[in-house]
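Enquirer: So that we are looking at the same thing, I have put the structure below in structure tokens.
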Amino acid sequence: MNHPTSAVLRMTGVTRVHGEGATEVRALREVTFAVHAGELVAVMGPSGSGKSTLLTLAGGLDAPTSGTVEVEGTDLAGLGNAGRARMRRTSVGYVFQDFNLIPALTAIENVSLPLELDGVRTRTARVAARAALDEVGIGELADRFPDHMSGGQQQRVAIARAVVGDRRLILADEPTGALDSETGESILRLLRTRCDAGAAGVLVTHEARHAAWADRVVFLRDGVVVDETGADRADVLLDAGTST
Amino acid sequence: MSVKQALLALLEEGPRYGYQLRAQFEQRTGATWPLNVGQVYTTLTRLERDGLVEGTGADGEGHVVYRITEAGRGEVATWFTTPVSRTQPPRDELAIKLALAVTVPGVDVGRVIQQQRSATMTALQDYTRLKRRAAEGQQPEDLAWSLVLDSLVFSAEAEIRWLDHCEARLRRAELERPETLLEEILSDEEANR
């Protein structure tokens with residue numbers, strides 16, 4: 001299952017430099033990293049270690065200074081802005097700390113929005129959105145507005161939006177940050193279930209207890225991967241072999 | 001660990017023989033602190049000597065069954081109402097190792113910290129996996145086991161937080177050392193040449 005070609009996200013020798021000269025900051029340095037279908041990988045590091053940069057690059061929200069980022073085998077650099085925007089709507093789901101729901105739309109409208117933006121007919125989009133809400137356990141709240149939901153419920157809507165339309169890469173940036181520990185745990189359980197069902201997940205967190213839900217934990221320090229747990233050595237070697 | 005009090009507490013539920021006690025102890029605590037049957041019987045013999053349990057003879061299959069006495073109940077009650085002492089912290093190998101690593105010359109402290117962090121993280125991942133399974137059970141014993149797991153999770157988490165803290169402190173100390181600054185400036189100049 002962990003055959004190298006099944007990598008949903010593959011970053012190869014990725015470096016990201018902000019600014020230049022005296023104010024130059026190397027946010028990431030030569031990072032090579034892959035996430036396969038069915039796998040949840042946690043990225044841990046102190047603030048300033050480059051973990052958020054890694055996530056924005058993985059989602060095509062930013063481009064590397066050097067190196068390549070591939071999502072389901074497609075190099076994001078070759079896509080152009082329109083292509084990347086489309087990839088973000090169809091292949092990648094984001095879950096943020098502060099949910100980022102649109103307050104004027106109901107739960108189901110929030111979830112179906114990315115599909116509708118992509119040209120899916122409203123009816124079809126709503127059916128998919130309803131299924132996604134059911135899957136995260138809040139189908140009965142479909143017609144509520146975000147302001148009338150608890151933090152945990154809002155985050156469930158955000159996860160439904162991240163996975164609707166069978167997107168295979170889920171990027172989560174401190175998704176449990178604003179939630180109490182029990183609600184946070186249920187959110188991780190949900191992410192875990194989604195990955196067990198075949199999605200690839202990247203979870204950025206500074207909480208060891210949350211990172212422990214992942215199959216692998218990658219440690220970032222000053223933009224460099226310094227260590228990882230749970231890595232299958234042979235698989236790492238294969239990945240390194242195919243990326244050169 | 002207090003095997004004596006644990007066995008007495010289990011006997012509060014009713015008469016048991018040694019093997020049953022071991023099984024019930026492990027059901028509640030996983031195999032986290034394994035008991036061997038020999039240890040259980042030695043402890044029961046001592047408890048009987050001290051008048052805290054009494055043998056009720058063998059059951060149909062030849063197991064020696066023990067019952068708790070009044071004095072035994074008193075002992076259990078005292079155990080539950082007395083906090084576990086923290087005045088004498090158990091020897092912490094990791095704390096000792098780091099205390100020495102930062103003072104003995106030539107030790108790569110950063111590496112010591114990272115290796116431990118990875119090892120503890122791996123353990124934390126294992127506990128979390130076990131917890132996901134334990135959460136599915138509905139019996140009181142499942143709750144007991146899942147609370148023991150929580151305890152392991154919290155202490156692993158505390159260890160990782162402490163390692164992060166050590167790393168941050170060491171970095172700060174490094175930056176504040178004047179000779180390090182000088183070295184950095186010199187190596188920067190070297191690089192710019």
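Residue names in the structure tokens use chain letters A, B, ... in the order shown, residue numbers from 1 in each chain, and ligand numbers from 1 in the order shown.
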With a distance threshold of 7 Å and counting only C-alpha atoms, extract the residues of chain B near chain A and express them as a list in words.
Expert: Ser118, Met121, Thr122, Leu124, Gln125, Thr128 and Glu157 of chain B
Enquirer: Check segment 8-244 of chain A with DSSP on the backbone and list each residue it calls strand (DSSP E), as a ChimeraX atom specification.
Expert: /A:8-18,25-36,40-44,66-71,74-75,92-95,169-173,200-205,216-221,224-229
Enquirer: Write out as a PyMOL selection string the residues lying within 7 Å of segment 68-74 of chain A, counting only C-alpha atoms and excluding same-chain residues fewer than 3 positions away.
Expert: chain A and resi 7-14+58
Enquirer: If you run DSSP on the backbone, which residues of segment 22-186 of chain B are helix (DSSP H, G or I), as a VMD selection string?
Expert: chain B and resid 22 to 29 37 to 49 70 to 81 93 to 101 109 to 134 140 to 176 178 to 186
Enquirer: Keeping only C-alpha atoms, write the selected residues as a compact mmCIF listing (two decimals), in the first residue's frame.
Expert:
# COMPACT_ATOMS: atom_id res chain seq x y z
CA ARG B 22 -3.86 -11.56 38.99
CA ALA B 23 -6.28 -11.72 36.06
CA GLN B 24 -8.48 -9.01 37.57
CA PHE B 25 -5.53 -6.77 38.32
CA GLU B 26 -4.34 -7.01 34.72
CA GLN B 27 -7.81 -6.45 33.33
CA ARG B 28 -7.89 -3.07 35.06
CA THR B 29 -4.33 -2.02 34.35
CA VAL B 37 1.45 -15.61 40.13
CA GLY B 38 4.26 -16.45 42.55
CA GLN B 39 4.35 -12.83 43.73
CA VAL B 40 0.58 -12.93 44.23
CA TYR B 41 0.72 -16.06 46.41
CA THR B 42 3.68 -14.78 48.48
CA THR B 43 1.76 -11.56 49.13
CA LEU B 44 -1.41 -13.48 50.08
CA THR B 45 0.58 -15.59 52.56
CA ARG B 46 1.94 -12.42 54.17
CA LEU B 47 -1.50 -10.81 54.27
CA GLU B 48 -2.84 -13.93 55.98
CA ARG B 49 0.02 -13.84 58.52
CA GLU B 70 -12.32 -6.58 59.02
CA ALA B 71 -8.72 -5.49 59.61
CA GLY B 72 -8.14 -5.88 55.85
CA ARG B 73 -11.09 -3.63 55.05
CA GLY B 74 -9.67 -1.02 57.40
CA GLU B 75 -6.33 -1.22 55.57
CA VAL B 76 -8.02 -0.70 52.16
CA ALA B 77 -10.03 2.26 53.46
CA THR B 78 -6.85 3.86 54.82
CA TRP B 79 -5.07 3.28 51.50
CA PHE B 80 -7.82 4.98 49.49
CA THR B 81 -8.02 7.99 51.84
CA GLU B 93 16.86 8.44 34.89
CA LEU B 94 16.10 10.96 32.17
CA ALA B 95 16.39 13.99 34.46
CA ILE B 96 19.68 12.62 35.80
CA LYS B 97 20.93 11.91 32.29
CA LEU B 98 20.22 15.46 31.11
CA ALA B 99 21.64 17.02 34.26
CA LEU B 100 24.88 15.20 33.49
CA ALA B 101 24.70 15.78 29.72
CA VAL B 109 22.79 17.53 24.31
CA GLY B 110 20.53 18.44 21.39
CA ARG B 111 20.86 14.92 20.09
CA VAL B 112 20.20 13.39 23.51
CA ILE B 113 17.01 15.47 23.71
CA GLN B 114 15.81 14.65 20.19
CA GLN B 115 16.44 10.93 20.54
CA GLN B 116 14.46 10.86 23.75
CA ARG B 117 11.69 12.96 22.22
CA SER B 118 11.32 10.50 19.32
CA ALA B 119 11.32 7.51 21.66
CA THR B 120 8.74 9.06 23.99
CA MET B 121 6.64 10.17 21.01
CA THR B 122 6.65 6.59 19.70
CA ALA B 123 5.43 5.37 23.10
CA LEU B 124 2.76 8.08 23.09
CA GLN B 125 1.60 6.91 19.64
CA ASP B 126 1.34 3.34 21.00
CA TYR B 127 -0.70 4.47 24.03
CA THR B 128 -3.00 6.46 21.76
CA ARG B 129 -3.58 3.41 19.55
CA LEU B 130 -4.40 1.33 22.64
CA LYS B 131 -6.71 4.06 23.85
CA ARG B 132 -8.68 4.06 20.62
CA ARG B 133 -9.28 0.36 21.15
CA ALA B 134 -10.00 0.64 24.89
CA PRO B 140 -16.11 -0.79 34.29
CA GLU B 141 -12.81 -2.66 33.77
CA ASP B 142 -12.48 -0.99 30.36
CA LEU B 143 -12.89 2.40 32.01
CA ALA B 144 -10.23 1.47 34.58
CA TRP B 145 -7.79 0.45 31.86
CA SER B 146 -8.50 3.51 29.78
CA LEU B 147 -7.78 5.75 32.81
CA VAL B 148 -4.47 3.95 33.34
CA LEU B 149 -3.71 4.64 29.67
CA ASP B 150 -4.59 8.31 30.19
CA SER B 151 -2.07 8.40 33.01
CA LEU B 152 0.62 7.02 30.69
CA VAL B 153 -0.43 9.52 27.99
CA PHE B 154 -0.20 12.46 30.39
CA SER B 155 3.21 11.49 31.71
CA ALA B 156 4.63 10.90 28.22
CA GLU B 157 3.21 14.26 27.18
CA ALA B 158 4.75 15.93 30.24
CA GLU B 159 8.10 14.39 29.39
CA ILE B 160 7.95 15.73 25.82
CA ARG B 161 6.98 19.17 27.09
CA TRP B 162 9.84 19.11 29.52
CA LEU B 163 12.25 18.10 26.69
CA ASP B 164 10.95 20.99 24.54
CA HIS B 165 11.49 23.28 27.51
CA CYS B 166 15.06 21.99 28.03
CA GLU B 167 15.82 22.57 24.36
CA ALA B 168 14.48 26.12 24.45
CA ARG B 169 16.43 26.92 27.64
CA LEU B 170 19.63 25.53 26.18
CA ARG B 171 19.21 27.58 23.01
CA ARG B 172 18.70 30.72 25.01
CA ALA B 173 21.72 29.97 27.18
CA GLU B 174 23.75 29.34 24.03
CA LEU B 175 22.79 32.71 22.56
CA GLU B 176 23.59 34.53 25.78
CA PRO B 178 29.41 35.89 24.90
CA GLU B 179 32.04 33.55 23.42
CA THR B 180 29.36 31.85 21.30
CA LEU B 181 28.33 35.19 19.88
CA LEU B 182 31.93 35.92 19.07
CA GLU B 183 32.29 32.54 17.35
CA GLU B 184 29.16 33.22 15.34
CA ILE B 185 30.35 36.63 14.22
CA LEU B 186 33.70 35.15 13.23
Enquirer: Env of Val136 of chain A: 10 Å cut, atoms = only C-alpha atoms, seq-sep filter 6 positions within chain, self excluded. Answer as number ranges by chain.
Expert: A: 153, 155-160, 186-187, 190-191, 193-194
Enquirer: Would you write out those residues with C-alpha atoms, as a PDB file, in the first residue's frame?
Expert:
ATOM      1  CA  GLN A 153     -19.658  21.621  15.704  1.00  0.00           C
ATOM      2  CA  GLN A 155     -14.916  22.436  13.308  1.00  0.00           C
ATOM      3  CA  ARG A 156     -16.919  19.408  12.176  1.00  0.00           C
ATOM      4  CA  VAL A 157     -18.466  21.535   9.436  1.00  0.00           C
ATOM      5  CA  ALA A 158     -14.964  22.645   8.450  1.00  0.00           C
ATOM      6  CA  ILE A 159     -13.843  19.016   8.242  1.00  0.00           C
ATOM      7  CA  ALA A 160     -16.905  18.115   6.170  1.00  0.00           C
ATOM      8  CA  SER A 186     -13.211  13.884  18.826  1.00  0.00           C
ATOM      9  CA  ILE A 187     -11.906  16.055  15.968  1.00  0.00           C
ATOM     10  CA  LEU A 190     -12.581  12.119  12.888  1.00  0.00           C
ATOM     11  CA  LEU A 191      -9.396  13.001  10.981  1.00  0.00           C
ATOM     12  CA  THR A 193     -11.120   7.834  10.593  1.00  0.00           C
ATOM     13  CA  ARG A 194     -10.977   9.824   7.369  1.00  0.00           C
TER      14      ARG A 194
END
Enquirer: I'd like the contact shell of Gly60 of chain A - 7 Å cut-off, only C-alpha atoms, skipping same-chain residues fewer than 3 positions apart - returned as number ranges by chain.
Expert: A: 56-57, 63, 76, 84
Enquirer: Kindly save the residues from that selection, with C-alpha atoms included, as an mmCIF file, in the first residue's frame.
Expert:
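Output below, filename out.cif:
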data_model
loop_
_atom_site.group_PDB
_atom_site.id
_atom_site.type_symbol
_atom_site.label_atom_id
_atom_site.label_comp_id
_atom_site.auth_asym_id
_atom_site.auth_seq_id
_atom_site.Cartn_x
_atom_site.Cartn_y
_atom_site.Cartn_z
ATOM 1 C CA THR A 56 0.903 26.397 2.738
ATOM 2 C CA LEU A 57 3.344 24.953 0.195
ATOM 3 C CA ALA A 63 5.381 28.305 -4.082
ATOM 4 C CA LEU A 76 2.115 22.277 -8.719
ATOM 5 C CA ARG A 84 -3.644 25.540 -8.667
#
